[in-house]
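Below is one structure, written out as structure tokens, with a few remarks after it.
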Protein chains: 2
Amino acid sequence: MPTIRDYIQQKAQLVHEELDTYTSHLTDIPQPLLDSMRYSLLAGGKRIRPVLALATAEAFGVEAERILPFACAVEMIHTYSLIHDDLPSMDDDDYRRGKLTNHKVYGEAMAILAGDALLTEAFGLLADGATQAHLPVHTAMTIVREGADLAGARGMVGGQVSDLLAEDRQIALEDLQSIHKRKTGDLIAYSVRMGARVAGVSPGAMHFLSQFAYGIGLAFQIQDDILDVIGDQEKIGKRVGSDEANHKSTYPSLLGLEESKKKLHHCISQAKIALMNIPDCNPGRLMEIADYLMSRDR
Amino acid sequence: MPTIRDYIQQKAQLVHEELDTYTSHLTDIPQPLLDSMRYSLLAGGKRIRPVLALATAEAFGVEAERILPFACAVEMIHTYSLIHDDLPSMDDDDYRRGKLTNHKVYGEAMAILAGDALLTEAFGLLADGATQAHLPVHTAMTIVREGADLAGARGMVGGQVSDLLAEDRQIALEDLQSIHKRKTGDLIAYSVRMGARVAGVSPGAMHFLSQFAYGIGLAFQIQDDILDVIGDQEKIGKRVGSDEANHKSTYPSLLGLEESKKKLHHCISQAKIALMNIPDCNPGRLMEIADYLMSRDR
């Protein structure tokens, strides 16, 4: 059996190849737009979200291929959000994953439109996925509606807005958690939940899977904040210390480094406990992913 | 029977009220984001797209209420595209519909995110509409997939990219038509086609409805260009003569004013003829809308 590192890498590779193949076969798109979309989509992120969708489906005995269009949709949504977040009027970042940000290469207008196009295409992929998997109409519509909720104004976009509003000022820990729950947690939860929906799990199981997802989502964010303090710039692919320089509220700034690490461990433990409550679930890989996320150095 | 002007106004009012009610009941959204979304959504556009969706459904005997969530979705997509098109890095417009553009009121970051949120929520509304109308899964998924195609990289977003790439240079008439077909025509076609899909029309009827939609879409764009030359600034709500000042290729600049008017009339005639080919369709209102679009002065 492959190690968890190999498992994640294989799944990430599967998603990468699917995104590459899929977008290289798209026709009737102005070349600079397609280039800009593919530049960020294939920049080699960690692919945590689609890997979670695949691993969740597999935990309930569903083959990875069945969930692949959904997994690619989530990665497109994630990528669009990064492109827009990096824009000069938002976080104004020049580098992402060790490469120039989209707008530094293609210009602001194209970056905005490439983000718009990726977000739009993501919903097309959700429809394709539902059709290919022969999902019942209720399941299919729930996946689309939940995508709008968790990626939109109530979810990820709302989190980004709250994050912008909180810039340059100290905020309370609960506000920070609320921002991260929406900005990062919601799309991670969506990934896990879509995998579970395709597998047709019960509402009870969905409840515990959400606990798992938000637990690792929060842990993921805390680890991001910690890496910004103690991480290796080469590995992360962007400046470290930028949060402090930007006077951003982070877990280390609010709790201190040691307490942040403790909270990280606690989140992961709770996430894993939630998984144990689910019948007919083979949670091995999901548990290992949780541990892996805690130990990552980039 | 109400005049066509009254009919359009009543339907536009129905859509406006639904958008107002729907967004005023949304919870858990940061207030500035919701304000920014509602500012542009309720700025009082012509609502041509949702009115076409409603009128098409009615032409096949489907009640307007059944199509309302879809119609609102299309208006959200249209509104997001206007917000993003007006941004400084794109068309850099300060006024739209006689009011300050979104980013002039809420700032660039919020305008980008409000656009993202409207686009995302639109797909949620498509899912709601399909659920409420008890659409078969194939019809529901086709409406979502076609939304991604016609509003995305292959459609409206692609058209906006081509438009940006054509800035400041003269282009051929066929390139101009290709830009407008995607930038304006595709979303108008989507509106008509979604109304027809909910009504369950045949592929043959869909073919003629698309001809109708692209015909009036092109006419709509030609009229826009003509109004930019001879229109009344007060009525249009934005500067006239801006196309010429921006060295934009337009129908009047490529064909002259008289030829443009002739082409406009030809498009409308062809659109109306297409409607006559459709069995079991009561095309009266759609024909009247086509004539109305040609005669509008704003």
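Simple scheme: letters A, B, ... for chains in structure tokens order, numbers from 1 for residues in each chain, numbers from 1 for ligands in the order shown.
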Counting only C-alpha atoms, give me one row per residue of chain A with an atom at most 7 Å from an atom of chain B, showing the shortest contact pair and its distance in Å to one decimal, sorted by chain then residue number, as a Markdown table.
```
| residue | atom | partner | partner_atom | distance |
| --- | --- | --- | --- | --- |
| A:Asp28 | CA | B:Arg154 | CA | 5.6 |
| A:Ile29 | CA | B:Arg154 | CA | 5.0 |
| A:Pro30 | CA | B:Gly158 | CA | 6.1 |
| A:Leu33 | CA | B:Val161 | CA | 6.9 |
| A:Ser89 | CA | B:Ala109 | CA | 5.2 |
| A:Met90 | CA | B:Ala109 | CA | 5.5 |
| A:Glu108 | CA | B:Ser89 | CA | 6.0 |
| A:Ala109 | CA | B:Ser89 | CA | 5.2 |
| A:Leu113 | CA | B:Val157 | CA | 6.5 |
| A:Ala117 | CA | B:Gly152 | CA | 5.0 |
| A:Thr120 | CA | B:Ala148 | CA | 5.2 |
| A:Glu121 | CA | B:Ala148 | CA | 5.3 |
| A:Phe123 | CA | B:Ala148 | CA | 6.4 |
| A:Gly124 | CA | B:Arg145 | CA | 4.4 |
| A:Ala127 | CA | B:Met141 | CA | 5.1 |
| A:Thr131 | CA | B:Met141 | CA | 7.0 |
| A:Pro136 | CA | B:Val137 | CA | 6.9 |
| A:Val137 | CA | B:Val137 | CA | 4.7 |
| A:Met141 | CA | B:Ala127 | CA | 5.1 |
| A:Val144 | CA | B:Ala127 | CA | 6.2 |
| A:Arg145 | CA | B:Gly124 | CA | 4.4 |
| A:Ala148 | CA | B:Gly124 | CA | 5.0 |
| A:Gly152 | CA | B:Ala117 | CA | 5.0 |
| A:Ala153 | CA | B:Ala117 | CA | 5.1 |
| A:Arg154 | CA | B:Ile29 | CA | 5.1 |
| A:Val157 | CA | B:Ala117 | CA | 6.4 |
| A:Gly158 | CA | B:Ile29 | CA | 6.0 |
| A:Val161 | CA | B:Leu33 | CA | 6.9 |
| A:Ser162 | CA | B:Pro30 | CA | 6.7 |
```
Could you give me, as a PDB file with N, CA and C atoms, in the first residue's frame, the residues within 8 Å of Gln221 of chain B, counting only C-alpha atoms and dropping anything in the same chain fewer than 4 positions from it?
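Generated file (result32.pdb):
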```
ATOM      1  N   HIS B 180     -19.571  40.389 -30.425  1.00  0.00           N
ATOM      2  CA  HIS B 180     -20.899  40.692 -29.896  1.00  0.00           C
ATOM      3  C   HIS B 180     -21.748  39.446 -29.713  1.00  0.00           C
ATOM      4  N   THR B 184     -22.721  39.656 -25.914  1.00  0.00           N
ATOM      5  CA  THR B 184     -24.123  40.001 -25.667  1.00  0.00           C
ATOM      6  C   THR B 184     -25.069  38.880 -26.073  1.00  0.00           C
ATOM      7  N   GLY B 217     -30.224  39.654 -30.314  1.00  0.00           N
ATOM      8  CA  GLY B 217     -28.998  40.011 -29.581  1.00  0.00           C
ATOM      9  C   GLY B 217     -28.117  40.925 -30.415  1.00  0.00           C
ATOM     10  N   ASP B 225     -24.842  50.668 -30.306  1.00  0.00           N
ATOM     11  CA  ASP B 225     -23.813  51.441 -31.019  1.00  0.00           C
ATOM     12  C   ASP B 225     -24.418  52.684 -31.654  1.00  0.00           C
TER      13      ASP B 225
END
```
May I have the residues within 10 Å of Phe212 of chain B as a compact mmCIF listing (two decimals) with all heavy atoms, in the first residue's frame, using only C-alpha atoms and disregarding those fewer than 2 positions away in the same chain?
```txt
# COMPACT_ATOMS: atom_id res chain seq x y z
N ILE B 188 -28.24 36.41 -24.02
CA ILE B 188 -29.62 36.56 -24.49
C ILE B 188 -30.14 35.21 -24.99
O ILE B 188 -31.27 34.80 -24.66
CB ILE B 188 -29.68 37.65 -25.59
CG1 ILE B 188 -29.47 39.03 -24.94
CG2 ILE B 188 -30.99 37.59 -26.36
CD1 ILE B 188 -29.47 40.19 -25.90
N ALA B 189 -29.29 34.50 -25.71
CA ALA B 189 -29.69 33.16 -26.18
C ALA B 189 -29.94 32.23 -24.98
O ALA B 189 -30.89 31.44 -24.97
CB ALA B 189 -28.62 32.58 -27.09
N VAL B 192 -33.41 32.91 -23.51
CA VAL B 192 -34.49 32.34 -24.32
C VAL B 192 -34.50 30.82 -24.20
O VAL B 192 -35.55 30.19 -24.00
CB VAL B 192 -34.33 32.79 -25.79
CG1 VAL B 192 -35.24 31.99 -26.71
CG2 VAL B 192 -34.61 34.29 -25.92
N MET B 206 -35.86 24.54 -30.50
CA MET B 206 -34.72 25.20 -29.86
C MET B 206 -33.82 25.86 -30.90
O MET B 206 -33.29 26.94 -30.69
CB MET B 206 -33.93 24.15 -29.06
CG MET B 206 -33.03 24.72 -28.00
SD MET B 206 -33.95 25.62 -26.73
CE MET B 206 -34.09 24.36 -25.48
N HIS B 207 -33.67 25.20 -32.04
CA HIS B 207 -32.85 25.73 -33.12
C HIS B 207 -33.39 27.09 -33.59
O HIS B 207 -32.63 28.07 -33.71
CB HIS B 207 -32.84 24.73 -34.28
CG HIS B 207 -32.24 25.26 -35.54
ND1 HIS B 207 -30.87 25.40 -35.69
CD2 HIS B 207 -32.81 25.71 -36.68
CE1 HIS B 207 -30.64 25.91 -36.89
NE2 HIS B 207 -31.78 26.10 -37.51
N PHE B 208 -34.68 27.15 -33.82
CA PHE B 208 -35.27 28.42 -34.30
C PHE B 208 -35.28 29.48 -33.20
O PHE B 208 -35.10 30.67 -33.47
CB PHE B 208 -36.68 28.17 -34.84
CG PHE B 208 -36.69 27.41 -36.13
CD1 PHE B 208 -37.29 26.16 -36.23
CD2 PHE B 208 -36.07 27.94 -37.27
CE1 PHE B 208 -37.28 25.45 -37.42
CE2 PHE B 208 -36.06 27.24 -38.46
CZ PHE B 208 -36.66 25.99 -38.54
N LEU B 209 -35.47 29.05 -31.97
CA LEU B 209 -35.42 30.01 -30.86
C LEU B 209 -34.03 30.63 -30.73
O LEU B 209 -33.88 31.80 -30.40
CB LEU B 209 -35.83 29.33 -29.55
CG LEU B 209 -37.34 29.09 -29.40
CD1 LEU B 209 -37.61 28.14 -28.25
CD2 LEU B 209 -38.08 30.41 -29.18
N SER B 210 -33.01 29.81 -30.98
CA SER B 210 -31.64 30.35 -30.94
C SER B 210 -31.43 31.37 -32.05
O SER B 210 -30.82 32.42 -31.84
CB SER B 210 -30.61 29.22 -31.08
OG SER B 210 -30.60 28.45 -29.91
N TYR B 214 -30.24 35.10 -31.16
CA TYR B 214 -29.01 35.73 -31.67
C TYR B 214 -29.35 36.90 -32.59
O TYR B 214 -28.61 37.88 -32.65
CB TYR B 214 -28.12 34.69 -32.35
CG TYR B 214 -27.38 33.83 -31.36
CD1 TYR B 214 -27.66 32.48 -31.22
CD2 TYR B 214 -26.40 34.39 -30.54
CE1 TYR B 214 -26.99 31.69 -30.29
CE2 TYR B 214 -25.72 33.60 -29.61
CZ TYR B 214 -26.02 32.26 -29.49
OH TYR B 214 -25.35 31.50 -28.56
N GLY B 215 -30.46 36.78 -33.29
CA GLY B 215 -30.90 37.89 -34.15
C GLY B 215 -31.20 39.14 -33.33
O GLY B 215 -30.69 40.22 -33.63
N ILE B 216 -32.00 38.98 -32.28
CA ILE B 216 -32.31 40.18 -31.49
C ILE B 216 -31.10 40.60 -30.67
O ILE B 216 -30.92 41.78 -30.38
CB ILE B 216 -33.56 39.99 -30.58
CG1 ILE B 216 -33.36 38.88 -29.56
CG2 ILE B 216 -34.81 39.76 -31.39
CD1 ILE B 216 -34.47 38.85 -28.50
N GLY B 217 -30.22 39.65 -30.31
CA GLY B 217 -29.00 40.01 -29.58
C GLY B 217 -28.12 40.93 -30.42
O GLY B 217 -27.60 41.94 -29.93
N CYS B 267 -31.89 42.21 -39.08
CA CYS B 267 -31.74 41.26 -37.96
C CYS B 267 -33.09 40.98 -37.29
O CYS B 267 -33.42 39.83 -37.00
CB CYS B 267 -30.80 41.81 -36.89
SG CYS B 267 -29.09 41.81 -37.36
N ILE B 268 -33.83 42.06 -37.07
CA ILE B 268 -35.13 41.90 -36.40
C ILE B 268 -36.09 41.09 -37.28
O ILE B 268 -36.79 40.20 -36.79
CB ILE B 268 -35.72 43.29 -36.06
CG1 ILE B 268 -34.84 44.00 -35.02
CG2 ILE B 268 -37.16 43.17 -35.56
CD1 ILE B 268 -34.84 43.37 -33.64
N SER B 269 -36.10 41.39 -38.59
CA SER B 269 -36.98 40.64 -39.50
C SER B 269 -36.63 39.16 -39.49
O SER B 269 -37.51 38.29 -39.38
CB SER B 269 -36.82 41.15 -40.94
OG SER B 269 -37.16 42.50 -41.00
N GLN B 270 -35.34 38.86 -39.59
CA GLN B 270 -34.91 37.46 -39.60
C GLN B 270 -35.29 36.77 -38.30
O GLN B 270 -35.68 35.60 -38.29
CB GLN B 270 -33.40 37.37 -39.82
CG GLN B 270 -32.93 37.81 -41.20
CD GLN B 270 -33.51 36.93 -42.31
OE1 GLN B 270 -34.37 37.37 -43.06
NE2 GLN B 270 -33.07 35.68 -42.37
N ALA B 271 -35.14 37.49 -37.20
CA ALA B 271 -35.46 36.91 -35.90
C ALA B 271 -36.93 36.55 -35.83
O ALA B 271 -37.30 35.46 -35.35
CB ALA B 271 -35.10 37.91 -34.78
N LYS B 272 -37.76 37.44 -36.33
CA LYS B 272 -39.21 37.20 -36.28
C LYS B 272 -39.62 36.05 -37.20
O LYS B 272 -40.50 35.25 -36.86
CB LYS B 272 -39.97 38.48 -36.62
CG LYS B 272 -39.90 39.50 -35.47
CD LYS B 272 -40.21 40.91 -35.92
CE LYS B 272 -41.67 41.11 -36.21
NZ LYS B 272 -41.93 42.53 -36.59
N ILE B 273 -38.95 35.96 -38.36
CA ILE B 273 -39.24 34.86 -39.28
C ILE B 273 -38.91 33.51 -38.62
O ILE B 273 -39.66 32.54 -38.76
CB ILE B 273 -38.46 35.04 -40.60
CG1 ILE B 273 -39.05 36.21 -41.39
CG2 ILE B 273 -38.48 33.76 -41.44
CD1 ILE B 273 -38.24 36.65 -42.59
N ALA B 274 -37.80 33.48 -37.89
CA ALA B 274 -37.40 32.22 -37.21
C ALA B 274 -38.50 31.75 -36.27
O ALA B 274 -38.80 30.55 -36.20
CB ALA B 274 -36.09 32.43 -36.45
N LEU B 275 -39.13 32.69 -35.59
CA LEU B 275 -40.20 32.34 -34.64
C LEU B 275 -41.38 31.66 -35.33
O LEU B 275 -42.05 30.80 -34.74
CB LEU B 275 -40.71 33.58 -33.92
CG LEU B 275 -39.88 34.17 -32.79
CD1 LEU B 275 -40.64 35.31 -32.16
CD2 LEU B 275 -39.53 33.11 -31.75
N MET B 276 -41.63 32.09 -36.57
CA MET B 276 -42.81 31.58 -37.28
C MET B 276 -42.69 30.11 -37.63
O MET B 276 -43.66 29.47 -37.98
CB MET B 276 -43.04 32.39 -38.55
CG MET B 276 -43.47 33.82 -38.26
SD MET B 276 -43.63 34.76 -39.80
CE MET B 276 -43.49 36.43 -39.20
N LEU B 286 -43.04 37.67 -28.02
CA LEU B 286 -41.62 37.64 -28.42
C LEU B 286 -41.41 38.53 -29.65
O LEU B 286 -40.41 39.25 -29.75
CB LEU B 286 -41.17 36.21 -28.70
CG LEU B 286 -41.08 35.29 -27.47
CD1 LEU B 286 -40.75 33.86 -27.90
CD2 LEU B 286 -40.02 35.79 -26.49
N MET B 287 -42.35 38.49 -30.59
CA MET B 287 -42.25 39.36 -31.77
C MET B 287 -42.30 40.82 -31.37
O MET B 287 -41.53 41.65 -31.86
CB MET B 287 -43.42 39.07 -32.72
CG MET B 287 -43.42 37.65 -33.23
SD MET B 287 -43.48 37.63 -35.01
CE MET B 287 -43.53 35.89 -35.34
N ALA B 290 -39.10 41.96 -29.90
CA ALA B 290 -38.10 42.22 -30.95
C ALA B 290 -38.30 43.62 -31.53
O ALA B 290 -37.33 44.39 -31.67
CB ALA B 290 -38.22 41.16 -32.05
```
**Request:** Give me the residues within 12 Å of His265 of chain A as a PyMOL selection string, counting only C-alpha atoms and dropping any in the same chain fewer than 6 places off.
**Result:** chain A and resi 215-216+218-220+222-223+258-259+271-272+290-295
Residues from the last selection, N, CA and C atoms, saved as a CSV table (one decimal), in the first residue's frame:
```
chain,number,residue,atom,x,y,z
A,215,GLY,N,-12.6,20.8,10.9
A,215,GLY,CA,-11.5,20.6,11.8
A,215,GLY,C,-10.2,20.7,11.1
A,216,ILE,N,-10.1,19.9,10.0
A,216,ILE,CA,-8.8,20.0,9.2
A,216,ILE,C,-8.7,21.3,8.5
A,218,LEU,N,-9.6,24.2,9.7
A,218,LEU,CA,-9.0,25.2,10.7
A,218,LEU,C,-7.5,24.8,10.9
A,219,ALA,N,-7.2,23.6,11.1
A,219,ALA,CA,-5.8,23.1,11.3
A,219,ALA,C,-5.0,23.6,10.1
A,220,PHE,N,-5.5,23.5,8.9
A,220,PHE,CA,-4.8,23.9,7.7
A,220,PHE,C,-4.4,25.4,7.8
A,222,ILE,N,-4.3,27.3,10.6
A,222,ILE,CA,-3.3,27.5,11.7
A,222,ILE,C,-1.9,27.2,11.2
A,223,GLN,N,-1.8,26.1,10.5
A,223,GLN,CA,-0.5,25.6,10.0
A,223,GLN,C,0.1,26.7,9.0
A,258,GLU,N,3.3,28.6,20.6
A,258,GLU,CA,3.1,27.3,21.3
A,258,GLU,C,1.7,27.0,21.4
A,259,GLU,N,0.8,28.0,21.8
A,259,GLU,CA,-0.6,27.7,21.9
A,259,GLU,C,-1.2,27.4,20.5
A,271,ALA,N,-11.0,16.2,14.6
A,271,ALA,CA,-11.4,15.8,13.3
A,271,ALA,C,-11.3,14.3,13.1
A,272,LYS,N,-10.3,13.7,13.6
A,272,LYS,CA,-10.2,12.3,13.5
A,272,LYS,C,-11.2,11.5,14.3
A,290,ALA,N,-5.3,13.9,7.4
A,290,ALA,CA,-5.4,14.9,8.5
A,290,ALA,C,-4.0,15.0,9.2
A,291,ASP,N,-3.4,13.9,9.5
A,291,ASP,CA,-2.0,13.9,10.1
A,291,ASP,C,-1.0,14.6,9.1
A,292,TYR,N,-1.1,14.2,7.9
A,292,TYR,CA,-0.2,14.8,6.9
A,292,TYR,C,-0.3,16.3,6.8
A,293,LEU,N,-1.5,16.8,6.9
A,293,LEU,CA,-1.7,18.3,6.8
A,293,LEU,C,-1.0,19.0,8.0
A,294,MET,N,-1.0,18.3,9.1
A,294,MET,CA,-0.4,18.9,10.3
A,294,MET,C,1.1,18.9,10.2
A,295,SER,N,1.6,18.0,9.5
A,295,SER,CA,3.1,17.9,9.4
A,295,SER,C,3.7,18.6,8.3
```
**Asked** Can you tell me, as a list in words, what residues are no more than 10 Å from His16 of chain A when counting only C-alpha atoms, ignoring any on the same chain fewer than 2 positions away?
**Response**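 With the cut-off at 10 Å, the set is Gln10, Lys11, Ala12, Gln13, Leu14, Glu18, Leu19, Asp20, Thr21, Tyr22, Leu41, Leu42, Ala43, Gly44, Gly45, Arg47, Pro50, Cys72 and Glu75 of chain A.
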**Message:** Between atom CA of Asn246 of chain B and atom CA of Asp93 of chain B, what distance in Å does the model show, to one decimal?
**Reply:**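 So the answer is 11.8 Å.
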**Request:** Would you mind listing what lies within 12 Å of Leu100 of chain A as a PyMOL selection string, with only C-alpha atoms counted and same-chain residues fewer than 6 positions away left out?
**Result:** chain A and resi 36+39-40+43+83+86-87+92-94+106-107+237-238
I need the chosen residues saved as a CSV table (one decimal), in the first residue's frame, with N, CA and C atoms.
```
chain,number,residue,atom,x,y,z
A,36,SER,N,-4.2,32.1,-19.7
A,36,SER,CA,-4.2,32.7,-18.3
A,36,SER,C,-4.9,31.7,-17.4
A,39,TYR,N,-2.5,28.8,-16.8
A,39,TYR,CA,-1.3,29.2,-16.1
A,39,TYR,C,-1.5,28.9,-14.6
A,40,SER,N,-2.6,29.4,-14.1
A,40,SER,CA,-2.8,29.3,-12.6
A,40,SER,C,-3.3,27.9,-12.2
A,43,ALA,N,-0.4,25.5,-12.1
A,43,ALA,CA,0.8,26.0,-11.4
A,43,ALA,C,1.3,25.0,-10.4
A,83,ILE,N,-6.5,33.6,-7.8
A,83,ILE,CA,-6.2,34.7,-8.8
A,83,ILE,C,-6.8,36.0,-8.3
A,86,ASP,N,-5.1,37.6,-5.2
A,86,ASP,CA,-3.8,38.1,-5.4
A,86,ASP,C,-3.8,39.5,-6.1
A,87,LEU,N,-5.0,39.9,-6.6
A,87,LEU,CA,-5.0,41.2,-7.4
A,87,LEU,C,-4.5,42.4,-6.6
A,92,ASP,N,-2.7,42.1,-3.3
A,92,ASP,CA,-1.6,42.6,-4.1
A,92,ASP,C,-0.3,41.8,-3.9
A,93,ASP,N,-0.4,40.5,-4.3
A,93,ASP,CA,0.7,39.6,-4.2
A,93,ASP,C,1.4,39.4,-5.6
A,94,ASP,N,2.7,39.4,-5.6
A,94,ASP,CA,3.4,39.2,-6.9
A,94,ASP,C,3.8,37.8,-7.1
A,106,TYR,N,-0.3,38.2,-17.0
A,106,TYR,CA,-1.3,38.5,-18.0
A,106,TYR,C,-2.0,39.8,-17.9
A,107,GLY,N,-1.7,40.6,-16.8
A,107,GLY,CA,-2.4,41.8,-16.6
A,107,GLY,C,-3.7,41.7,-15.8
A,237,GLY,N,7.3,29.0,-1.2
A,237,GLY,CA,7.1,29.6,-2.5
A,237,GLY,C,6.6,31.0,-2.4
A,238,LYS,N,6.6,31.6,-1.2
A,238,LYS,CA,6.3,33.0,-1.1
A,238,LYS,C,7.0,33.5,0.1
```
